[in-house]
Amino acid sequence: MIPGLKIGPLNELSGGFMRIRYNSSVKAACSGSYNFPNQFFCLAIQTKEYPKSSFCKVKVARKKGSGLYPLMSRTSYVKKRMEIETQDEEGFSDVKEGDIINLSDLIFSEDRDYLVRYNGQQVKAEELVGKAVLVYFLPVSHDLDFYQENWITYLIDIYNDLLPKNDFEVILVAVDDPSVPATPCCSPTEPYKVFESIFSRVPWTAIPFSNLASRKRIARRFGISEIGFVYSTSVLLDAKGMVLKCDYCWLFGQYGTLGFPFTDERIKFLDSEDDAAINQPSLEALLGSSERDYLITNKGDKVPIHTLKNKVVALYFYEDGLNHNGQSSLADEKLRNKLEMAYKELAKNKEQFEVVLLYLYDTCGTVNCTTEESFWKIFKTMPWLALPFKDPNHKKLIRIFGYPNMLDDGEEAPTLVILGPNGEFVDPCGADILMDFGTPTYPFTRKKLAKLETEKAKELKLEMLWDPNTIFRVNKDGLEIPLSQFFGKRLMIYFEMHKYYQHCEMLGMMKDLYLNMKGTEDEFEVIYIKDPTSYDEPDVSYLVHDYGELPWPVHYYDEGYSLPKELEHSVLNYHYYNPTMTFRRCLLIAFDRDGSIVRKTFQPTFDDKVFPFYAGGLEKEFLYQLNICFGWNYWNHLSKKKNPIYKRAQ
């Protein structure tokens with residue numbers, strides 16, 4: 001069968017003719033002899049949408065007494081017609097940066113020397129002289145998806161920002177795919193309605209939808225086939241017609257107006273500015289620009305950025321109450337409430353602390369939903385400072401700090417980036433720290449939180465956990481051991497937490513180490529507190545089967561071995577854990593011979609170099625655990641270029 005031909009029943013042909021829909025491979029295919037069963041004919045004849053120039057008529061001579069119809073007799077005719085009809089088709093060529101395009105010959109025709117705006121205004125050819133022109137190819141055979149809708153919104157902002165300079169124009173070109181069929185369950189979208197829906201919202205020009213020849217001509221010249229064209233694309237030409245950039249719609253949202261004209265050189269320059277702000281973070285580099293060296297209050301007053309350099313500053317990434325349901329998420333509301341309370345409390349204590357609102361206006365949750373009016377409406381209810389609405393630095397800060405980070409349920413995680421005085425430190429985890437641990441963790445950094453947890457842990461003593469007369473029993477012989485007998489010894493207490501498949505392996509490794517160290521200077525004792533809900537088995541027979549009897553006391557929690565209620569929360573720290581995370585497995589607490597705590601970890605390591613009484617220091621281990629438990633290690637691997645700004649928080 002000839003590639004590119006779509007054929008159907010010949011008995012439905014009218015007048016002995018059939019139309020052949022071809023692609024670029026048909027011409028070559030016609031050099032041979034082909035026979036067609038009489039039950040097929042070209043499906044293209046069933047539709048009126050296809051342009052006549054895309055088809056050639058072939059006279060089919062019916063051969064009586066045979067079910068086959070030779071095409072060879074008409075090959076020379078087909079080839080001659082196709083040579084004429086494919087002249088434009090052979091004009092398909094991918095443009096590349098640096099090519100020179102005579103755009104005027106493509107967008108205008110003998111009977112039309114103008115472009116149109118939706119309001120009916122005509123734009124003559126001379127009005128494009130001296131302007132950079134972005135040709136925006138829009139698929140209209142389907143409704144646009146979420147991302148393409150957003151690209152148009154971003155481009156509208158860029159167009160309006162550049163409008164005062166009068167050196168930039170956008171030309172909308174509708175690309176209609178004639179191969180999109182109607183189906184019994186789904187009617188095809190009407191291309192003209194899709195075009196009108198978009199054109200009515202944009203301020204730029206377009207080739208009239210009715211001028212099909214011009215639309216096809218420019219699409220072909222830029223290497224765009226209407227068949228299968230489903231994603232918007234764009235080509236930017238300078239005032240002399242040289243192609244500056246191809247297929248870069250995704251850059252509109254990432255860089256905004258500052259990215260124009262979106263050449264590699266311009267993007268590299270902006271990235272270098274980001275790198276400079278990352279390597280030497282300062283409020284001026286992150287929040288200011290050559291046009292603005294101030295922030296604003298909720299009354300519109302200007303506050304110079306340099307007045308904040310000796311303060312701890314929280315960058316508050318705020319989406320105006322728009323999650324998937326169009327309402328504020330619980331996490332967003334919790335952060336705002338906590339932040340307002342902390343702001344007032346710290347101001348009362350005369351702490352050098354300030355918050356800067358970053359009112360995000362074109363993220364996935366806010367695009368087409370925010371205005372300057374909505375900005376002022378929410379900002380006037382907040383007591384801190386803000387970047388002006390739609391300030392270009394919003395996009396820079398989103399790039400630098402990788403906003404948004406996603407929660408497990410798909411919602412965007414509230415983000416509070418903490419900047420230390422004079423750029424001393426940067427921590428992007430301020431939201432989690434403030435919401436879960438409150439103002440005692442000010443300035444809301446991981447280092448401060450790890451320090452507080454270390455100080456709290458050092459206050460813990462063995463006799464605080466249970467009464468010295470509490471009896472523990474060893475399973476293998478029922479030996480009763482009072483807690484007081486462990487005083488003066490190196491002791492590890494292993495709290496099993498929740499169902500987790502690695503418990504058996506961990507306990508086996510512990511047993512091996514315990515036996516190897518027995519009778520040496522490094523020997524230690526173990527108390528194993530088992531969670532009765534961890535496994536379906538009512539006893540520890542699975543341990544006996546895999547590892548034999550455990551040589552230390554094994555007891556069920558809540559059966560006479562519960563911690564005092566006032567210690568349970570602070571010792572077990574269940575609030576450390578996200579219930580959906582699978583790393584919830586155990587708590588290991590180790591005491592040295594003098595009764596001081598030397599380990600408290602939910603992520604114990606089991607090798608003879610660090611187990612069980614040394615792991616590089618409590619504070620370091622707490623910081624490691626916090627990163628793991630909250631997923632904060634995400635920030636350490638955020639950027640492909642290994643963004644060093646996050647290393648300052650470690």
# chains A, B, ... in the order shown; residues from 1 in each chain; ligands from 1
>>> residues_around(residues="stretch 208-217 of chain A", least_positions_apart="3", cutoff="10 Å", atoms="only C-alpha atoms", output="MDAnalysis selection string")
chainID A and resid 51 53 88:89 91:92 105:109 112 114:118 137 172:176 191:192 195:196 205 220:222 224:226
>>> write_last_selection(atoms="C-alpha atoms", output="JSON list (two decimals), in the first residue's frame")
[["chain", "number", "residue", "atom", "x", "y", "z"],
["A", 51, "PRO", "CA", -8.30, 22.11, 1.19],
["A", 53, "SER", "CA", -4.96, 21.89, -3.08],
["A", 88, "ASP", "CA", 4.47, 23.91, -1.39],
["A", 89, "GLU", "CA", 4.81, 20.60, 0.42],
["A", 91, "GLY", "CA", 8.84, 23.86, 0.95],
["A", 92, "PHE", "CA", 8.67, 22.28, 4.40],
["A", 105, "ASP", "CA", 6.05, 37.54, 2.01],
["A", 106, "LEU", "CA", 4.67, 34.86, 4.34],
["A", 107, "ILE", "CA", 2.13, 36.78, 6.39],
["A", 108, "PHE", "CA", 0.71, 39.05, 3.68],
["A", 109, "SER", "CA", -0.90, 38.19, 0.35],
["A", 112, "ARG", "CA", -4.47, 41.29, 2.13],
["A", 114, "TYR", "CA", -2.63, 43.74, 6.91],
["A", 115, "LEU", "CA", -2.93, 41.69, 10.09],
["A", 116, "VAL", "CA", -5.87, 42.00, 12.45],
["A", 117, "ARG", "CA", -6.48, 42.46, 16.16],
["A", 118, "TYR", "CA", -9.56, 41.05, 17.81],
["A", 137, "PHE", "CA", 1.68, 28.83, 16.19],
["A", 172, "LEU", "CA", -0.97, 34.44, 16.11],
["A", 173, "VAL", "CA", -1.14, 31.69, 13.49],
["A", 174, "ALA", "CA", -3.87, 29.07, 13.83],
["A", 175, "VAL", "CA", -2.83, 25.56, 12.76],
["A", 176, "ASP", "CA", -5.74, 23.27, 11.99],
["A", 191, "PRO", "CA", -11.17, 24.99, 15.19],
["A", 192, "TYR", "CA", -12.63, 28.43, 14.58],
["A", 195, "PHE", "CA", -9.13, 30.28, 17.70],
["A", 196, "GLU", "CA", -11.76, 32.86, 18.62],
["A", 205, "THR", "CA", -2.25, 40.47, 16.02],
["A", 220, "ARG", "CA", 5.09, 25.11, 6.02],
["A", 221, "ARG", "CA", 7.92, 27.62, 5.81],
["A", 222, "PHE", "CA", 8.62, 27.15, 9.52],
["A", 224, "ILE", "CA", 5.19, 22.83, 10.87],
["A", 225, "SER", "CA", 2.86, 20.18, 9.53],
["A", 226, "GLU", "CA", -0.75, 20.52, 10.59]]
>>> select_by_dssp(residues="stretch 116-224 of chain A", states="helix (DSSP H, G or I)", output="MDAnalysis selection string")
chainID A and resid 125:128 146:165 191:199 212:221
>>> closest_atom_pairs(of="stretch 421-527 of chain A", to="stretch 344-347 of chain A", cutoff="12 Å", atoms="only C-alpha atoms", output="JSON lines")
{"residue": "A:Gly438", "atom": "CA", "partner": "A:Glu345", "partner_atom": "CA", "distance": 11.1}
{"residue": "A:Thr439", "atom": "CA", "partner": "A:Leu346", "partner_atom": "CA", "distance": 8.2}
{"residue": "A:Pro440", "atom": "CA", "partner": "A:Leu346", "partner_atom": "CA", "distance": 10.3}
{"residue": "A:Thr441", "atom": "CA", "partner": "A:Leu346", "partner_atom": "CA", "distance": 11.7}
{"residue": "A:Tyr442", "atom": "CA", "partner": "A:Leu346", "partner_atom": "CA", "distance": 8.8}
{"residue": "A:Pro443", "atom": "CA", "partner": "A:Leu346", "partner_atom": "CA", "distance": 10.0}
>>> write_last_selection(atoms="N, CA and C atoms", output="PDB file, in the first residue's frame")
ATOM      1  N   GLY A 438       7.265  25.697  66.578  1.00  0.00           N
ATOM      2  CA  GLY A 438       6.932  26.979  67.175  1.00  0.00           C
ATOM      3  C   GLY A 438       8.082  27.954  67.320  1.00  0.00           C
ATOM      4  N   THR A 439       7.797  29.064  68.018  1.00  0.00           N
ATOM      5  CA  THR A 439       8.756  30.165  68.145  1.00  0.00           C
ATOM      6  C   THR A 439      10.012  29.832  68.936  1.00  0.00           C
ATOM      7  N   PRO A 440      10.033  28.799  69.820  1.00  0.00           N
ATOM      8  CA  PRO A 440      11.306  28.486  70.484  1.00  0.00           C
ATOM      9  C   PRO A 440      12.428  28.153  69.510  1.00  0.00           C
ATOM     10  N   THR A 441      12.082  27.785  68.287  1.00  0.00           N
ATOM     11  CA  THR A 441      13.108  27.428  67.308  1.00  0.00           C
ATOM     12  C   THR A 441      13.601  28.635  66.508  1.00  0.00           C
ATOM     13  N   TYR A 442      13.161  29.841  66.863  1.00  0.00           N
ATOM     14  CA  TYR A 442      13.638  31.039  66.166  1.00  0.00           C
ATOM     15  C   TYR A 442      15.162  31.043  66.147  1.00  0.00           C
ATOM     16  N   PRO A 443      15.796  31.287  64.995  1.00  0.00           N
ATOM     17  CA  PRO A 443      15.265  31.859  63.752  1.00  0.00           C
ATOM     18  C   PRO A 443      14.718  30.842  62.751  1.00  0.00           C
TER      19      PRO A 443
END
>>> residues_around(residues="A:Gly300", least_positions_apart="3", cutoff="12 Å", atoms="only C-alpha atoms", output="VMD selection string")
chain A and resid 294 to 297 303 376 379 to 380 384 to 389
>>> write_last_selection(atoms="N, CA and C atoms", output="compact mmCIF listing (two decimals), in the first residue's frame")
# COMPACT_ATOMS: atom_id res chain seq x y z
N TYR A 294 13.85 48.99 47.22
CA TYR A 294 12.96 49.11 48.37
C TYR A 294 11.92 48.00 48.37
N LEU A 295 11.29 47.80 49.52
CA LEU A 295 10.10 46.97 49.67
C LEU A 295 8.94 47.89 50.03
N ILE A 296 7.74 47.37 50.07
CA ILE A 296 6.59 48.22 50.38
C ILE A 296 5.85 47.70 51.61
N THR A 297 5.20 48.63 52.31
CA THR A 297 4.33 48.29 53.43
C THR A 297 2.91 48.11 52.91
N VAL A 303 10.20 51.01 51.95
CA VAL A 303 11.19 50.73 52.99
C VAL A 303 12.47 50.27 52.31
N TRP A 376 -3.56 43.60 47.00
CA TRP A 376 -3.73 44.59 48.06
C TRP A 376 -4.78 44.15 49.07
N PHE A 379 -2.83 41.70 51.23
CA PHE A 379 -1.65 42.30 51.86
C PHE A 379 -2.05 43.23 53.00
N LYS A 380 -3.17 43.91 52.87
CA LYS A 380 -3.60 44.85 53.91
C LYS A 380 -4.00 44.14 55.20
N TRP A 384 3.44 42.71 57.67
CA TRP A 384 4.84 42.78 57.27
C TRP A 384 5.02 43.48 55.94
N LEU A 385 6.19 43.31 55.31
CA LEU A 385 6.52 43.97 54.06
C LEU A 385 6.24 43.04 52.88
N ALA A 386 6.42 43.57 51.67
CA ALA A 386 6.16 42.76 50.47
C ALA A 386 6.95 43.28 49.29
N LEU A 387 7.20 42.40 48.33
CA LEU A 387 7.62 42.84 47.00
C LEU A 387 6.40 43.41 46.28
N PRO A 388 6.59 44.41 45.42
CA PRO A 388 5.45 44.92 44.65
C PRO A 388 4.81 43.82 43.80
N PHE A 389 3.55 43.99 43.49
CA PHE A 389 2.82 43.02 42.69
C PHE A 389 3.47 42.85 41.32
>>> atom_distance(atom1="atom CA of A:Phe524", atom2="atom CA of A:Asp592")
9.1 Å
>>> residues_around(residues="stretch 465-474 of chain A", least_positions_apart="4", cutoff="6 Å", atoms="only C-alpha atoms", output="PDB file with N, CA and C atoms, in the first residue's frame")
ATOM      1  N   GLY A 478      13.728 -16.635  81.918  1.00  0.00           N
ATOM      2  CA  GLY A 478      12.825 -15.977  82.843  1.00  0.00           C
ATOM      3  C   GLY A 478      13.531 -15.208  83.940  1.00  0.00           C
ATOM      4  N   LEU A 479      14.845 -14.913  83.745  1.00  0.00           N
ATOM      5  CA  LEU A 479      15.616 -14.197  84.748  1.00  0.00           C
ATOM      6  C   LEU A 479      15.049 -12.797  84.948  1.00  0.00           C
ATOM      7  N   GLU A 480      14.827 -12.413  86.206  1.00  0.00           N
ATOM      8  CA  GLU A 480      14.302 -11.094  86.519  1.00  0.00           C
ATOM      9  C   GLU A 480      15.461 -10.148  86.826  1.00  0.00           C
ATOM     10  N   ILE A 481      15.440  -8.987  86.135  1.00  0.00           N
ATOM     11  CA  ILE A 481      16.504  -8.011  86.316  1.00  0.00           C
ATOM     12  C   ILE A 481      15.873  -6.663  86.641  1.00  0.00           C
ATOM     13  N   PRO A 482      16.157  -6.069  87.792  1.00  0.00           N
ATOM     14  CA  PRO A 482      15.640  -4.735  88.093  1.00  0.00           C
ATOM     15  C   PRO A 482      16.400  -3.683  87.292  1.00  0.00           C
ATOM     16  N   LEU A 483      15.725  -2.579  87.028  1.00  0.00           N
ATOM     17  CA  LEU A 483      16.351  -1.506  86.259  1.00  0.00           C
ATOM     18  C   LEU A 483      17.637  -1.027  86.928  1.00  0.00           C
ATOM     19  N   SER A 484      17.663  -1.008  88.245  1.00  0.00           N
ATOM     20  CA  SER A 484      18.832  -0.505  88.975  1.00  0.00           C
ATOM     21  C   SER A 484      20.091  -1.291  88.647  1.00  0.00           C
ATOM     22  N   TRP A 552      18.682 -10.691  75.708  1.00  0.00           N
ATOM     23  CA  TRP A 552      18.407  -9.539  76.563  1.00  0.00           C
ATOM     24  C   TRP A 552      16.914  -9.491  76.891  1.00  0.00           C
ATOM     25  N   PRO A 553      16.503  -8.666  77.808  1.00  0.00           N
ATOM     26  CA  PRO A 553      15.075  -8.565  78.145  1.00  0.00           C
ATOM     27  C   PRO A 553      14.245  -8.102  76.954  1.00  0.00           C
ATOM     28  N   LEU A 563       6.284   4.640  79.543  1.00  0.00           N
ATOM     29  CA  LEU A 563       7.002   5.801  80.043  1.00  0.00           C
ATOM     30  C   LEU A 563       6.041   6.709  80.794  1.00  0.00           C
TER      31      LEU A 563
END
>>> atom_distance(atom1="atom CA of A:Leu258", atom2="atom CA of A:Asp320")
24.0 Å
>>> closest_residue(among="A:Thr454, A:Thr370, A:Gln485, A:Asn150", to="A:Glu621", atoms="only C-alpha atoms")
A:Thr454
>>> atom_distance(atom1="atom CA of A:Pro404", atom2="atom CA of A:Leu357")
15.4 Å
>>> closest_residue(among="A:Lys193, A:Arg399, A:Lys348, A:Lys448", to="A:Ser141", atoms="only C-alpha atoms")
A:Lys193
>>> residues_around(residues="A:Lys511", least_positions_apart="2", cutoff="10 Å", atoms="only C-alpha atoms", output="PyMOL selection string")
chain A and resi 505-509+513-517+526+547-552
>>> decode(residues="stretch 270-356 of chain A", atoms="C-alpha atoms", output="JSON list (two decimals), in the first residue's frame")
[["chain", "number", "residue", "atom", "x", "y", "z"],
["A", 270, "LEU", "CA", 20.07, 35.75, 33.96],
["A", 271, "ASP", "CA", 21.37, 32.40, 35.20],
["A", 272, "SER", "CA", 24.69, 34.03, 36.03],
["A", 273, "GLU", "CA", 22.85, 36.65, 38.09],
["A", 274, "ASP", "CA", 21.05, 33.82, 39.91],
["A", 275, "ASP", "CA", 24.40, 32.14, 40.55],
["A", 276, "ALA", "CA", 25.85, 35.36, 41.95],
["A", 277, "ALA", "CA", 22.90, 35.72, 44.35],
["A", 278, "ILE", "CA", 23.30, 32.06, 45.32],
["A", 279, "ASN", "CA", 27.04, 32.17, 45.96],
["A", 280, "GLN", "CA", 26.92, 35.41, 47.93],
["A", 281, "PRO", "CA", 23.34, 35.70, 49.18],
["A", 282, "SER", "CA", 22.29, 39.16, 50.29],
["A", 283, "LEU", "CA", 18.96, 40.92, 50.56],
["A", 284, "GLU", "CA", 19.95, 43.40, 47.89],
["A", 285, "ALA", "CA", 20.87, 40.63, 45.42],
["A", 286, "LEU", "CA", 17.77, 38.55, 46.15],
["A", 287, "LEU", "CA", 15.11, 41.24, 46.60],
["A", 288, "GLY", "CA", 16.39, 44.31, 44.77],
["A", 289, "SER", "CA", 17.15, 45.35, 41.22],
["A", 290, "SER", "CA", 18.60, 48.28, 39.31],
["A", 291, "GLU", "CA", 15.11, 49.79, 39.13],
["A", 292, "ARG", "CA", 14.04, 49.15, 42.75],
["A", 293, "ASP", "CA", 15.96, 49.19, 46.04],
["A", 294, "TYR", "CA", 12.96, 49.11, 48.37],
["A", 295, "LEU", "CA", 10.10, 46.97, 49.67],
["A", 296, "ILE", "CA", 6.59, 48.22, 50.38],
["A", 297, "THR", "CA", 4.33, 48.29, 53.43],
["A", 298, "ASN", "CA", 0.63, 47.48, 53.34],
["A", 299, "LYS", "CA", 0.00, 51.23, 53.16],
["A", 300, "GLY", "CA", 2.18, 51.65, 50.08],
["A", 301, "ASP", "CA", 5.17, 53.21, 51.87],
["A", 302, "LYS", "CA", 8.66, 52.36, 50.65],
["A", 303, "VAL", "CA", 11.19, 50.73, 52.99],
["A", 304, "PRO", "CA", 14.83, 50.62, 51.78],
["A", 305, "ILE", "CA", 16.12, 47.06, 51.55],
["A", 306, "HIS", "CA", 19.42, 47.93, 53.23],
["A", 307, "THR", "CA", 17.56, 48.70, 56.50],
["A", 308, "LEU", "CA", 16.88, 44.96, 56.86],
["A", 309, "LYS", "CA", 20.47, 43.73, 56.47],
["A", 310, "ASN", "CA", 21.00, 43.16, 60.22],
["A", 311, "LYS", "CA", 17.72, 41.27, 60.62],
["A", 312, "VAL", "CA", 16.56, 37.72, 60.17],
["A", 313, "VAL", "CA", 14.27, 37.89, 57.14],
["A", 314, "ALA", "CA", 11.66, 35.28, 56.18],
["A", 315, "LEU", "CA", 10.66, 35.14, 52.51],
["A", 316, "TYR", "CA", 7.01, 34.12, 52.58],
["A", 317, "PHE", "CA", 5.99, 32.40, 49.32],
["A", 318, "TYR", "CA", 2.24, 32.92, 49.30],
["A", 319, "GLU", "CA", -0.43, 31.62, 46.92],
["A", 320, "ASP", "CA", -3.66, 33.45, 47.45],
["A", 321, "GLY", "CA", -5.89, 30.67, 48.78],
["A", 322, "LEU", "CA", -5.84, 28.63, 45.61],
["A", 323, "ASN", "CA", -5.33, 24.91, 45.82],
["A", 324, "HIS", "CA", -7.00, 22.34, 43.58],
["A", 325, "ASN", "CA", -10.38, 23.18, 45.11],
["A", 326, "GLY", "CA", -9.94, 26.93, 44.85],
["A", 327, "GLN", "CA", -9.65, 27.33, 48.61],
["A", 328, "SER", "CA", -6.82, 27.74, 51.09],
["A", 329, "SER", "CA", -5.24, 24.46, 52.10],
["A", 330, "LEU", "CA", -5.02, 23.62, 55.80],
["A", 331, "ALA", "CA", -1.22, 23.82, 55.61],
["A", 332, "ASP", "CA", -1.37, 27.33, 54.12],
["A", 333, "GLU", "CA", -3.78, 28.53, 56.79],
["A", 334, "LYS", "CA", -1.71, 26.95, 59.56],
["A", 335, "LEU", "CA", 1.48, 28.61, 58.36],
["A", 336, "ARG", "CA", -0.12, 32.03, 58.06],
["A", 337, "ASN", "CA", -1.63, 31.82, 61.56],
["A", 338, "LYS", "CA", 1.62, 30.59, 63.09],
["A", 339, "LEU", "CA", 3.64, 33.24, 61.26],
["A", 340, "GLU", "CA", 1.40, 36.09, 62.40],
["A", 341, "MET", "CA", 1.61, 34.93, 66.03],
["A", 342, "ALA", "CA", 5.40, 34.51, 65.82],
["A", 343, "TYR", "CA", 5.78, 37.91, 64.15],
["A", 344, "LYS", "CA", 3.89, 39.66, 66.95],
["A", 345, "GLU", "CA", 5.65, 37.69, 69.69],
["A", 346, "LEU", "CA", 9.12, 38.34, 68.30],
["A", 347, "ALA", "CA", 8.33, 42.03, 67.79],
["A", 348, "LYS", "CA", 7.20, 42.21, 71.43],
["A", 349, "ASN", "CA", 10.51, 40.62, 72.47],
["A", 350, "LYS", "CA", 12.32, 43.14, 70.23],
["A", 351, "GLU", "CA", 13.86, 40.45, 68.07],
["A", 352, "GLN", "CA", 15.33, 41.62, 64.75],
["A", 353, "PHE", "CA", 12.90, 39.72, 62.56],
["A", 354, "GLU", "CA", 11.04, 40.70, 59.39],
["A", 355, "VAL", "CA", 8.82, 38.93, 56.87],
["A", 356, "VAL", "CA", 8.64, 39.73, 53.15]]
